[in-house]
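Below is one structure; the comments refer to it alone.
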Amino acid sequence: MKKMACLFSFIVTVFVAQAQGKTMYGQNRPPMRERPGMEMPSPPRPMTKEQRARLESFRIQFITKKLDLSPAEAEKFWPVYNEQKEASRNLMQAKKEDEIAFQEAMLVIRKKFKKDLMPILKTEERVNLALKVDRELLNKMRNEMMRRKRPM
């Protein structure tokens with residue numbers, strides 16, 4: 001009789017433990033949005049026209065300052081730059097499955113950009129800087145975004 005009571009209490013304990021759910025090591029936890037203090041980040045909002053204009057103004061100012069463009073050089077530089085950006089954007093939207101073909105096509109665009117910039121910027125150093133300035137701009141914007149997201 002004593003053995004039966006021990007066995008019965010053991011079985012009841014096991015069932016009760018399973019009924020409470022597995023909470024150890026994150027199993028059967030409620031979704032993040034239901035946990036207090038753990039809200040999911042909201043999806044990024046589309047930029048307003050004013051924000052787009054400010055970003056474009058900052059981009060133009062940053063690149064012009066980095067390349068030290070004179071007004072005459074800037075007048076010739078921006079159409080070439082915008083053409084290269086549009087070609088790059090179109091290539092990325094095409095989403096080539098072959099990575100090597102994508103990289104080769106991007107290289108062709110950048111070589112054409114370099115060739116078109118040489119008569120405008122005159123020196124190899126300035127042309128190479130023009131090819132790098134986009135990366136610097138993206139890094140600067142990324143750093144600014146991270147700085148703004150950091151809690152004070």
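Labeling convention for the structure tokens: chains A, B, ... as they appear, residues from 1 per chain, ligands from 1 in order of appearance.
Within the 7 Å cut-off around stretch 106-111 of chain A, using only C-alpha atoms and omitting residues fewer than 4 positions from it on the same chain, the listed residues are Gln84, Ser88, Phe102 and Lys115 of chain A.
Closest approach to A:Trp78 among A:Ala101, A:Leu55, A:Ile63, A:Ala94 is made by A:Ile63 (distances from only C-alpha atoms).
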May I ask for the distance between atom CA of A:Met141 and atom CA of A:Ile60, given in Å to one decimal place?
13.4 Å
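Using only C-alpha atoms, the smallest distance between any of A:Asn139, A:Ile11, A:Arg150, A:Arg59 and A:Asn82 comes from A:Arg59.
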Identify, with DSSP run on backbone atoms, the residues in stretch 35-134 of chain A assigned to helix (DSSP H, G or I), and express the list as JSON, numbers by chain.
{"A": [49, 50, 51, 52, 53, 54, 55, 56, 57, 58, 59, 60, 61, 62, 63, 64, 65, 66, 67, 71, 72, 73, 74, 75, 76, 77, 78, 79, 80, 81, 82, 83, 84, 85, 86, 87, 88, 89, 90, 91, 92, 93, 94, 99, 100, 101, 102, 103, 104, 105, 106, 107, 108, 109, 110, 111, 112, 113, 114, 115, 116, 117, 118, 119, 120, 121, 124, 125, 126, 127, 128, 129, 130, 131, 132, 133, 134]}
Atom CA of A:Lys140 and atom CA of A:Arg45, how far apart in Å?
20.5 Å
